[in-house]
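> Sending over upload-v6.cif (mmCIF, C-alpha atoms).
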data_entry
#
loop_
_atom_site.label_atom_id
_atom_site.label_comp_id
_atom_site.auth_asym_id
_atom_site.auth_seq_id
_atom_site.Cartn_x
_atom_site.Cartn_y
_atom_site.Cartn_z
CA MET A 1386 55.17 122.19 59.41
CA ALA A 1387 52.09 120.65 57.92
CA GLU A 1388 48.96 120.02 59.93
CA ASP A 1389 47.99 116.38 60.25
CA ASP A 1390 44.36 115.22 60.22
CA ALA A 1391 45.12 111.49 60.03
CA ALA A 1392 43.97 109.38 62.96
CA GLY A 1393 46.44 106.51 62.55
CA PRO A 1394 50.22 106.18 62.81
CA SER A 1395 52.25 108.06 60.21
CA LEU A 1396 54.85 105.33 59.74
CA MET A 1397 55.55 101.75 60.72
CA ILE A 1398 59.02 100.88 62.00
CA GLY A 1399 60.40 97.39 61.52
CA GLY A 1400 59.91 94.68 58.92
CA ASP A 1401 61.97 91.64 57.90
CA GLY A 1402 59.50 89.35 59.62
CA GLN A 1403 59.52 91.35 62.84
CA PRO A 1404 56.41 93.00 64.31
CA ALA A 1405 55.96 96.50 62.94
CA ILE A 1406 56.04 99.34 65.47
CA PRO A 1407 53.68 102.30 64.94
CA LEU A 1408 55.28 105.75 64.81
CA TYR A 1409 52.96 108.73 65.22
CA LEU A 1410 54.01 112.27 64.27
CA LEU A 1411 52.43 114.82 66.59
CA ALA A 1412 52.64 118.48 65.54
CA PHE A 1413 52.64 121.65 67.67
CA ASP A 1414 52.79 125.35 66.79
CA LYS A 1415 55.06 127.91 68.44
CA GLN A 1416 52.51 128.56 71.21
CA GLY A 1417 52.45 124.86 72.06
CA ARG A 1418 49.02 124.24 70.54
CA CYS A 1419 48.61 120.80 69.01
CA THR A 1420 47.89 121.14 65.29
CA SER A 1421 47.17 117.43 64.85
CA PRO A 1422 44.37 116.86 67.39
CA ARG A 1423 43.05 113.64 65.80
CA THR A 1424 46.50 112.12 65.94
CA ARG A 1425 46.85 113.23 69.56
CA ALA A 1426 43.57 111.51 70.42
CA ALA A 1427 44.68 108.35 68.61
CA VAL A 1428 47.97 108.28 70.54
CA LEU A 1429 46.15 108.51 73.87
CA ALA A 1430 43.63 105.87 72.80
CA ASP A 1431 46.42 103.48 71.80
CA ALA A 1432 48.28 104.18 75.05
CA ASN A 1433 45.17 103.17 76.98
CA SER A 1434 44.25 100.19 74.79
CA GLY A 1435 46.37 97.57 76.53
CA ARG A 1436 48.06 96.60 73.26
CA TYR A 1437 51.25 98.43 74.16
CA THR A 1438 53.43 98.40 77.27
CA ASP A 1439 55.74 101.36 76.58
CA LEU A 1440 55.19 104.80 75.04
CA HIS A 1441 58.24 106.60 73.64
CA ILE A 1442 57.97 110.36 73.03
CA TYR A 1443 60.96 111.95 71.26
CA SER A 1444 61.56 115.62 70.43
CA HIS A 1445 63.95 116.89 67.78
CA GLY A 1446 66.05 119.98 68.43
CA TRP A 1447 66.71 123.25 66.68
CA ASN A 1448 66.81 123.60 62.91
CA ASN A 1449 64.92 120.46 62.03
CA VAL A 1450 62.40 120.99 59.28
CA PHE A 1451 59.70 118.35 58.84
CA ASP A 1452 61.60 116.00 56.51
CA GLU A 1453 64.71 116.13 58.67
CA ALA A 1454 62.74 115.41 61.85
CA VAL A 1455 60.98 112.44 60.26
CA ARG A 1456 64.28 111.05 59.01
CA HIS A 1457 65.79 111.50 62.47
CA TYR A 1458 62.97 109.57 64.17
CA THR A 1459 62.82 106.85 61.51
CA GLU A 1460 66.56 106.19 61.55
CA PHE A 1461 66.89 106.29 65.33
CA PHE A 1462 64.00 103.94 66.08
CA THR A 1463 64.78 101.57 63.18
CA GLU A 1464 68.35 101.15 64.38
CA TYR A 1465 67.20 100.97 68.00
CA ALA A 1466 64.75 98.15 67.20
CA GLY A 1467 67.49 96.27 65.34
CA LEU A 1468 69.89 96.70 68.25
CA ARG A 1469 67.31 95.30 70.67
CA ARG A 1470 66.73 92.25 68.45
CA ALA A 1471 70.46 91.61 68.12
CA ALA A 1472 70.85 91.79 71.91
CA GLY A 1473 67.97 89.35 72.47
CA LEU A 1474 65.88 91.91 74.37
CA ASP A 1475 62.61 91.46 72.48
CA SER A 1476 59.80 89.90 74.50
CA ASN A 1477 56.09 90.29 75.16
CA GLU A 1478 57.02 92.46 78.17
CA TYR A 1479 57.92 95.22 75.73
CA ARG A 1480 55.44 96.27 73.05
CA PRO A 1481 56.38 99.85 72.13
CA LEU A 1482 54.36 102.75 70.75
CA LEU A 1483 56.38 105.60 69.24
CA VAL A 1484 55.66 109.34 69.00
CA GLY A 1485 57.88 111.89 67.24
CA LEU A 1486 57.14 115.54 68.01
CA ILE A 1487 57.17 118.17 65.28
CA TRP A 1488 57.56 121.79 66.38
CA PRO A 1489 58.78 124.95 64.57
CA SER A 1490 62.44 125.08 65.54
CA THR A 1491 64.06 126.26 62.32
CA ALA A 1492 66.15 129.42 62.36
CA LEU A 1493 69.71 128.72 63.49
CA LEU A 1494 72.26 126.78 61.46
CA ALA A 1495 75.32 125.31 63.14
CA PRO A 1496 78.52 125.08 61.08
CA GLY A 1497 78.31 122.26 58.55
CA GLU A 1498 74.52 121.99 58.58
CA GLU A 1499 72.55 122.43 55.38
CA PRO A 1500 70.12 125.35 55.13
CA PRO A 1501 66.47 124.39 55.74
CA ARG A 1502 64.62 123.57 52.55
CA LEU A 1503 61.89 126.22 52.60
CA ALA A 1504 60.11 127.33 49.45
CA SER A 1505 59.57 130.98 50.34
CA ILE A 1506 60.03 133.35 53.23
CA GLY A 1507 57.98 136.21 51.84
CA PRO A 1508 58.95 139.63 50.51
CA GLY A 1509 61.41 142.01 52.08
CA PHE A 1510 64.36 139.70 52.70
CA ALA A 1511 65.81 139.27 49.24
CA ALA A 1512 68.84 141.45 49.91
CA ALA A 1513 70.00 139.42 52.89
CA THR A 1514 72.02 136.24 52.75
CA PRO A 1515 69.86 133.08 52.77
CA THR A 1516 70.68 132.21 56.37
CA THR A 1517 70.21 135.78 57.62
CA ALA A 1518 66.92 136.00 55.71
CA LEU A 1519 65.58 132.89 57.44
CA GLU A 1520 66.60 134.19 60.85
CA ALA A 1521 65.11 137.62 60.16
CA ALA A 1522 61.87 136.02 58.95
CA ALA A 1523 61.60 133.94 62.13
CA LEU A 1524 62.12 137.02 64.31
CA ALA A 1525 59.84 139.23 62.23
CA SER A 1526 57.00 136.73 62.59
CA GLU A 1527 56.87 137.69 66.28
CA MET A 1528 56.62 141.44 65.60
CA THR A 1529 54.11 144.04 64.51
CA PRO A 1530 54.13 144.80 60.75
CA ASP A 1531 55.95 148.12 61.27
CA ASP A 1532 58.64 146.55 63.45
CA ALA A 1533 58.99 143.63 61.03
CA ALA A 1534 59.55 146.07 58.15
CA ARG A 1535 62.23 147.91 60.14
CA LEU A 1536 63.93 144.61 61.00
CA SER A 1537 63.86 143.67 57.32
CA ALA A 1538 65.66 146.86 56.40
CA LEU A 1539 68.33 146.36 59.06
CA ALA A 1540 68.81 142.71 58.13
CA ALA A 1541 69.39 143.63 54.50
CA GLN A 1542 72.45 145.73 55.34
CA THR A 1543 75.65 144.05 54.24
CA GLY A 1544 78.08 145.89 56.50
CA PRO A 1545 78.35 146.74 60.20
CA LEU A 1546 75.57 148.80 61.72
CA ASP A 1547 76.25 152.32 62.92
CA GLY A 1548 75.39 153.36 66.46
CA ALA A 1549 71.85 154.53 65.74
CA ASP A 1550 70.97 151.37 63.82
CA SER A 1551 72.52 149.23 66.56
CA VAL A 1552 70.26 150.91 69.12
CA ALA A 1553 67.23 150.49 66.83
CA LEU A 1554 67.92 146.78 66.35
CA ALA A 1555 68.41 146.23 70.08
CA ARG A 1556 65.09 147.91 70.85
CA LEU A 1557 63.33 145.78 68.23
CA LEU A 1558 64.73 142.53 69.60
CA THR A 1559 64.53 143.21 73.34
CA PRO A 1560 60.89 142.06 73.77
CA LEU A 1561 61.71 138.79 71.98
CA LEU A 1562 64.85 138.09 74.00
CA ASP A 1563 63.42 138.66 77.46
CA ALA A 1564 63.44 135.20 79.05
CA HIS A 1565 60.72 136.34 81.46
CA ALA A 1566 58.28 136.39 78.55
CA SER A 1567 58.60 132.64 77.86
CA GLY A 1568 56.59 131.89 80.98
CA ASP A 1569 57.85 128.36 81.70
CA LEU A 1570 60.15 129.23 84.60
CA GLU A 1571 60.30 131.69 87.46
CA ASN A 1572 63.16 134.13 86.92
CA THR A 1573 64.80 136.40 89.46
CA ALA A 1574 67.08 138.37 87.14
CA PRO A 1575 65.96 141.80 85.92
CA PRO A 1576 63.97 141.90 82.66
CA ALA A 1577 65.95 142.43 79.49
CA ASP A 1578 66.51 145.95 78.19
CA ALA A 1579 68.14 147.39 75.09
CA GLY A 1580 71.17 148.67 76.99
CA SER A 1581 72.05 145.30 78.51
CA LEU A 1582 71.49 143.64 75.15
CA LEU A 1583 73.98 145.95 73.49
CA LEU A 1584 76.47 145.36 76.28
CA HIS A 1585 76.09 141.63 75.70
CA TRP A 1586 76.69 141.98 71.98
CA SER A 1587 79.78 144.01 72.73
CA SER A 1588 81.08 141.59 75.35
CA VAL A 1589 80.97 138.53 73.12
CA ARG A 1590 82.87 140.20 70.28
CA PRO A 1591 86.47 138.98 70.46
CA GLY A 1592 88.66 141.74 71.83
CA ALA A 1593 85.78 144.13 72.44
CA GLU A 1594 85.22 145.95 75.70
CA PRO A 1595 81.69 146.95 76.74
CA GLY A 1596 81.30 150.70 76.64
CA ALA A 1597 80.03 152.69 79.59
CA ASP A 1598 77.14 154.10 77.56
CA ALA A 1599 75.73 151.26 75.49
CA LEU A 1600 73.03 153.45 73.98
CA ALA A 1601 75.40 156.06 72.60
CA PRO A 1602 74.22 156.88 69.07
CA SER A 1603 77.59 156.29 67.44
CA GLY A 1604 81.14 155.19 68.05
CA ALA A 1605 82.02 152.07 70.05
CA LEU A 1606 79.18 149.89 68.79
CA GLY A 1607 79.55 150.68 65.12
CA PHE A 1608 81.15 147.27 64.55
CA LEU A 1609 77.90 145.33 64.97
CA ASP A 1610 77.14 142.98 62.09
CA PRO A 1611 73.39 142.33 61.62
CA ARG A 1612 74.08 138.80 60.46
CA GLU A 1613 75.76 137.87 63.74
CA ILE A 1614 73.17 139.70 65.83
CA LEU A 1615 70.24 137.96 64.15
CA ARG A 1616 72.01 134.64 64.43
CA LYS A 1617 72.39 135.06 68.19
CA ALA A 1618 68.84 136.39 68.55
CA THR A 1619 67.36 133.26 66.98
CA VAL A 1620 69.21 131.13 69.54
CA PHE A 1621 67.24 132.90 72.27
CA LEU A 1622 64.00 132.71 70.31
CA MET A 1623 64.21 128.98 69.64
CA LYS A 1624 65.31 128.21 73.20
CA ASP A 1625 62.31 130.00 74.68
CA ARG A 1626 60.01 128.45 72.09
CA ALA A 1627 61.17 124.97 73.12
CA GLY A 1628 60.17 125.81 76.68
CA THR A 1629 56.77 127.05 75.57
CA VAL A 1630 56.08 123.93 73.48
CA GLY A 1631 57.04 121.70 76.39
CA ALA A 1632 55.09 123.54 79.06
CA ALA A 1633 51.98 124.36 77.04
CA GLY A 1634 51.82 121.39 74.66
CA ILE A 1635 53.66 118.33 75.95
CA ALA A 1636 52.87 118.65 79.66
CA PRO A 1637 49.08 118.28 79.09
CA LEU A 1638 49.72 115.27 76.86
CA LEU A 1639 51.82 113.63 79.58
CA ARG A 1640 49.26 114.41 82.27
CA GLU A 1641 46.54 112.66 80.29
CA ALA A 1642 48.68 109.66 79.41
CA LEU A 1643 49.85 109.23 83.02
CA HIS A 1644 46.31 109.61 84.39
CA ASP A 1645 44.38 107.53 81.88
CA SER A 1646 46.72 104.60 81.22
CA SER A 1647 49.23 102.34 82.95
CA ILE A 1648 51.67 102.41 80.03
CA ARG A 1649 55.33 103.11 80.83
CA ILE A 1650 56.39 106.45 79.34
CA HIS A 1651 59.91 107.15 78.11
CA LEU A 1652 60.95 110.65 77.03
CA ALA A 1653 63.88 111.58 74.80
CA GLY A 1654 64.99 114.93 73.44
CA HIS A 1655 67.93 116.15 71.37
CA SER A 1656 69.42 119.64 71.77
CA TYR A 1657 66.54 122.07 72.38
CA GLY A 1658 64.28 119.02 72.33
CA ALA A 1659 65.72 118.31 75.79
CA LYS A 1660 64.32 121.66 76.92
CA VAL A 1661 60.94 120.65 75.47
CA MET A 1662 60.95 117.55 77.67
CA LEU A 1663 62.30 119.18 80.82
CA SER A 1664 59.81 122.04 80.56
CA ALA A 1665 56.99 119.51 80.25
CA LEU A 1666 58.21 117.51 83.24
CA ALA A 1667 58.56 120.62 85.38
CA LYS A 1668 54.88 121.38 84.79
CA LEU A 1669 53.61 117.97 85.88
CA PRO A 1670 51.84 117.71 89.24
CA PRO A 1671 53.04 115.21 91.85
CA GLY A 1672 51.80 111.69 91.23
CA ARG A 1673 52.61 108.90 88.82
CA GLN A 1674 56.04 109.32 87.24
CA VAL A 1675 57.33 108.81 83.71
CA ALA A 1676 59.57 105.75 83.53
CA SER A 1677 62.72 107.26 82.02
CA VAL A 1678 64.23 110.34 80.38
CA LEU A 1679 67.12 110.40 77.91
CA LEU A 1680 68.59 113.82 77.07
CA LEU A 1681 70.83 113.76 74.00
CA GLN A 1682 73.35 116.62 73.89
CA PRO A 1683 70.92 118.93 75.69
CA ALA A 1684 71.15 122.63 74.82
CA VAL A 1685 70.19 123.80 78.31
CA SER A 1686 72.12 125.07 81.31
CA ALA A 1687 74.60 122.73 82.93
CA ARG A 1688 73.23 124.01 86.25
CA CYS A 1689 69.58 123.31 85.45
CA PHE A 1690 69.53 120.55 88.12
CA ALA A 1691 71.71 122.44 90.61
CA GLU A 1692 70.98 122.34 94.32
CA ARG A 1693 71.40 126.13 94.56
CA ILE A 1694 72.07 128.95 92.07
CA ALA A 1695 73.97 131.80 93.75
CA GLU A 1696 73.05 134.22 90.96
CA HIS A 1697 69.36 133.57 91.70
CA ASN A 1698 69.41 134.09 95.46
CA GLY A 1699 70.20 130.46 96.21
CA LYS A 1700 67.18 129.04 94.37
CA PRO A 1701 67.50 125.53 92.91
CA GLY A 1702 68.08 125.02 89.21
CA GLY A 1703 65.03 125.65 87.10
CA TYR A 1704 64.62 121.99 86.10
CA ARG A 1705 65.48 120.41 89.44
CA ALA A 1706 61.77 119.81 90.01
CA ALA A 1707 61.70 117.70 86.85
CA LEU A 1708 63.85 115.07 88.59
CA GLU A 1709 60.94 114.24 90.90
CA ARG A 1710 58.73 113.35 87.94
CA VAL A 1711 60.97 110.50 86.69
CA ALA A 1712 61.19 107.03 88.23
CA LEU A 1713 64.75 106.28 87.08
CA PRO A 1714 67.63 108.77 87.28
CA VAL A 1715 67.54 111.19 84.37
CA CYS A 1716 70.10 110.08 81.78
CA THR A 1717 71.93 112.85 79.91
CA THR A 1718 74.82 112.78 77.45
CA PHE A 1719 77.66 115.28 77.15
CA SER A 1720 80.67 115.41 74.86
CA ARG A 1721 83.76 117.53 74.49
CA ASN A 1722 83.39 116.92 70.74
CA ASP A 1723 80.21 119.03 70.62
CA ALA A 1724 81.55 122.30 69.22
CA ALA A 1725 78.10 123.92 69.05
CA LEU A 1726 77.52 123.51 72.80
CA ASN A 1727 81.10 124.03 73.97
CA SER A 1728 81.86 127.09 71.84
CA PHE A 1729 78.86 128.84 70.32
CA TYR A 1730 76.22 128.20 73.00
CA PRO A 1731 78.06 129.77 75.98
CA LEU A 1732 78.72 132.92 73.94
CA ALA A 1733 75.22 133.30 72.55
CA LEU A 1734 73.11 132.52 75.63
CA ARG A 1735 74.04 135.14 78.20
CA ARG A 1736 70.85 136.43 79.75
CA GLY A 1737 70.66 136.34 83.54
CA PRO A 1738 67.77 133.83 83.54
CA ASP A 1739 69.81 131.50 81.33
CA ILE A 1740 71.99 130.75 84.36
CA GLY A 1741 70.53 127.52 85.76
CA GLU A 1742 67.53 127.61 83.40
CA PHE A 1743 65.90 130.37 85.09
CA GLU A 1744 71.98 128.30 82.91
CA PRO A 1745 75.11 126.28 83.16
CA SER A 1746 78.04 125.34 85.04
CA SER A 1747 80.96 126.14 87.22
CA SER A 1748 82.07 129.60 88.29
CA SER A 1749 84.60 129.60 85.50
CA ALA A 1750 81.94 128.93 82.87
CA PRO A 1751 78.59 130.27 84.10
CA PHE A 1752 76.93 129.90 80.71
CA ALA A 1753 78.09 126.38 79.81
CA ALA A 1754 75.72 123.83 78.28
CA LEU A 1755 74.58 120.58 79.87
CA GLY A 1756 75.47 118.70 76.68
CA GLY A 1757 78.93 120.26 76.65
CA VAL A 1758 80.26 119.79 80.19
CA GLY A 1759 77.65 117.67 81.98
CA PRO A 1760 75.61 118.53 85.09
CA GLN A 1761 77.12 121.01 87.54
CA ASP A 1762 76.57 122.00 91.17
CA MET A 1763 74.31 119.12 92.18
CA ALA A 1764 74.23 117.94 95.79
CA PRO A 1765 76.75 115.25 96.88
CA GLY A 1766 75.64 111.77 95.85
CA GLU A 1767 73.03 112.99 93.33
CA LEU A 1768 75.20 112.71 90.20
CA GLU A 1769 76.84 109.68 88.62
CA VAL A 1770 79.22 110.15 85.67
CA THR A 1771 80.10 107.17 83.48
CA ALA A 1772 81.40 106.52 79.98
CA MET A 1773 78.86 105.72 77.29
CA LEU A 1774 78.63 102.01 76.55
CA ASP A 1775 78.08 100.10 73.34
CA GLN A 1776 76.12 96.84 73.20
CA PRO A 1777 76.57 94.48 75.09
CA GLY A 1778 77.91 96.69 77.89
CA VAL A 1779 75.70 96.84 80.99
CA TYR A 1780 74.92 100.01 82.91
CA PRO A 1781 74.67 98.95 86.56
CA PRO A 1782 71.73 100.08 88.67
CA ALA A 1783 72.27 103.56 90.06
CA LEU A 1784 73.31 103.89 93.69
CA PRO A 1785 70.68 105.10 96.16
CA GLY A 1786 70.29 108.85 96.01
CA VAL A 1787 71.54 109.22 92.42
CA ARG A 1788 69.12 111.42 90.47
CA VAL A 1789 71.11 112.07 87.27
CA ARG A 1790 73.37 109.71 85.31
CA ALA A 1791 75.66 111.68 82.98
CA LEU A 1792 77.06 109.70 80.06
CA ASP A 1793 80.43 110.95 78.85
CA GLY A 1794 80.20 110.71 75.07
CA ALA A 1795 83.84 111.54 74.31
CA SER A 1796 84.15 108.24 72.42
CA GLY A 1797 80.48 107.81 71.47
CA ILE A 1798 79.34 111.24 70.21
CA GLY A 1799 81.37 112.99 67.54
CA GLY A 1800 79.43 116.26 67.36
CA HIS A 1801 76.20 117.98 68.26
CA GLY A 1802 74.11 116.12 65.70
CA ASP A 1803 75.75 112.72 66.22
CA VAL A 1804 72.97 111.22 68.35
CA ARG A 1805 71.72 108.47 66.05
CA ASN A 1806 74.27 105.77 66.74
CA ARG A 1807 74.77 102.52 68.65
CA PHE A 1808 75.84 104.30 71.84
CA THR A 1809 72.73 106.46 72.18
CA GLU A 1810 70.39 103.69 71.04
CA TRP A 1811 71.96 101.30 73.56
CA ALA A 1812 71.49 103.92 76.28
CA LEU A 1813 67.75 103.91 75.53
CA ALA A 1814 67.60 100.12 75.40
CA SER A 1815 69.32 100.01 78.79
CA LEU A 1816 66.84 102.47 80.30
CA VAL A 1817 63.92 100.40 79.03
CA ARG A 1818 65.43 97.22 80.47
CA GLN A 1819 65.87 98.93 83.86
CA ALA A 1820 62.27 100.23 83.77
CA ILE A 1821 60.90 96.75 83.01
CA ALA A 1822 62.99 95.27 85.81
CA ALA A 1823 61.79 97.93 88.24
CA ASP A 1824 58.16 97.15 87.38
CA ALA A 1825 58.75 93.43 87.90
CA GLN A 1826 59.93 94.14 91.46
CA VAL A 1827 56.79 96.06 92.41
#
Could you write out this structure as structure tokens?

Amino acid sequence: MAEDDAAGPSLMIGGDGQPAIPLYLLAFDKQGRCTSPRTRAAVLADANSGRYTDLHIYSHGWNNVFDEAVRHYTEFFTEYAGLRRAAGLDSNEYRPLLVGLIWPSTALLAPGEEPPRLASIGPGFAAATPTTALEAAALASEMTPDDAARLSALAAQTGPLDGADSVALARLLTPLLDAHASGDLENTAPPADAGSLLLHWSSVRPGAEPGADALAPSGALGFLDPREILRKATVFLMKDRAGTVGAAGIAPLLREALHDSSIRIHLAGHSYGAKVMLSALAKLPPGRQVASVLLLQPAVSARCFAERIAEHNGKPGGYRAALERVALPVCTTFSRNDAALNSFYPLALRRGPDIGEFEPSSSSAPFAALGGVGPQDMAPGELEVTAMLDQPGVYPPALPGVRVRALDGASGIGGHGDVRNRFTEWALASLVRQAIAADAQV
């Protein structure tokens, strides 16, 4: 991720005789620090200039390197602008300003995705497969030099780890995989430890039974493959990083924009980008709300908006507070066609705090993903489920009391990455139209 010292927009969306729309790229590091401060200042100045009526902030998800993120934003907003024109929605009531977030999310590759195009990952990982090397490098960057060297040696092994190496790897990764360390949510589950981590690795192996003594130096856990362990570990790492970027980086940006301008603010996030946005919203103080939120195949708990989480002493879902910071009901997509969220995610994300985003769903699937099965365990009347619509379909106004509108993407979303299409773009256009109408009634 390159730092950006430019003060103006990175790209202009539009053309063909239509007004060009500025698209800023705003970069953050893994601690949530903005690495493009001049661009950040320019975004806030434009938001407060009166030239624009609506500010869109969009976050990519996991495994998007810079070029891929830029392509995602460019394609989505170009097609979105064209869809609005075709539907006759353009008017002086809507003069948009666009922001695409860039944050270091690369580590995990879902089946069918290309490896990130990185020039070098440094010494010590040559013996590992390319994907394992990238994951090991991401994890090692969080460690001391001695621990990073030990992780490198374990990652380079081509066969299953023996008991002693399994224990060593668990102890190296435990500090990184403790959800309490991410700091964006209050957790009531016990902190992670090497023993519970090994039990988890054992439990998600098909046909495996967790042993009574997970830290035994040999025997039952000798099957562990470092490639699979590192792959699962990076899921945790990137998930917690998304929360950190949202809480530490995006929340202050939103606070300033909401305080200093009257511009309508629309948030969108794909996959872990949804966690970026929800973590930011949950950190906002009471007051002026963002206009709308669109979550595209969110890789967060299906119980993140739940009224109560039994596993956390009856506390509400970790992102329930975010619902109060949005004027319209939060709009979130889910799809049975999303293999990454319906198959891999529930197996990989099994820490106690991942239940309800302190993680997902019904008692039969406590670790389900919001983008896989839709919201779970909300209070009666709070949730509306409807099929995704294509243009010119009209989403009716939500009934009183509805706080989340879940869009069933069975016919509109073909997989986890299929979020740049007419269905998702029309969902955003519909949210904007509802926000403009709501303002006109005030």
> At what distance in Å, to one decimal, does atom CA of Ala1820 of chain A lie from atom CA of Val1711 of chain A?
10.8 Å
> Find the residue from A:Ala1540, A:Val1779, A:Asp1532, A:His1801 that sits nearest to Arg1556 of chain A; use all atoms listed in the file when measuring.
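Of A:Ala1540, A:Val1779, A:Asp1532, A:His1801, the one nearest Arg1556 of chain A is A:Asp1532, counting all atoms listed in the file.
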> Between atom CA of Ala1795 of chain A and atom CA of Met1773 of chain A, what is the distance, to one decimal in Å?
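Distance between the two atoms: 8.2 Å.
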> For a test of reading the model, state the distance in Å between atom CA of Phe1752 of chain A and atom CA of Ala1627 of chain A, rounded to one decimal.
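Distance between the two atoms: 18.2 Å.
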> With the PyMOL selection byres ((chain A and resi 1723) around 8) as the selection, what would be picked from this file? Answer as a list in words, please.
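Answer for the PyMOL selection byres ((chain A and resi 1723) around 8): Gln1682, Phe1719, Ser1720, Arg1721, Asn1722, Ala1724, Ala1725, Leu1726, Asn1727, Gly1756, Gly1757, Ile1798, Gly1799, Gly1800 and His1801 of chain A.
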> For a quick check of understanding, using only C-alpha atoms, which of A:Thr1463, A:Asn1477, A:Ser1551, A:Ser1395 has the smallest distance to Ala1427 of chain A?
A:Ser1395
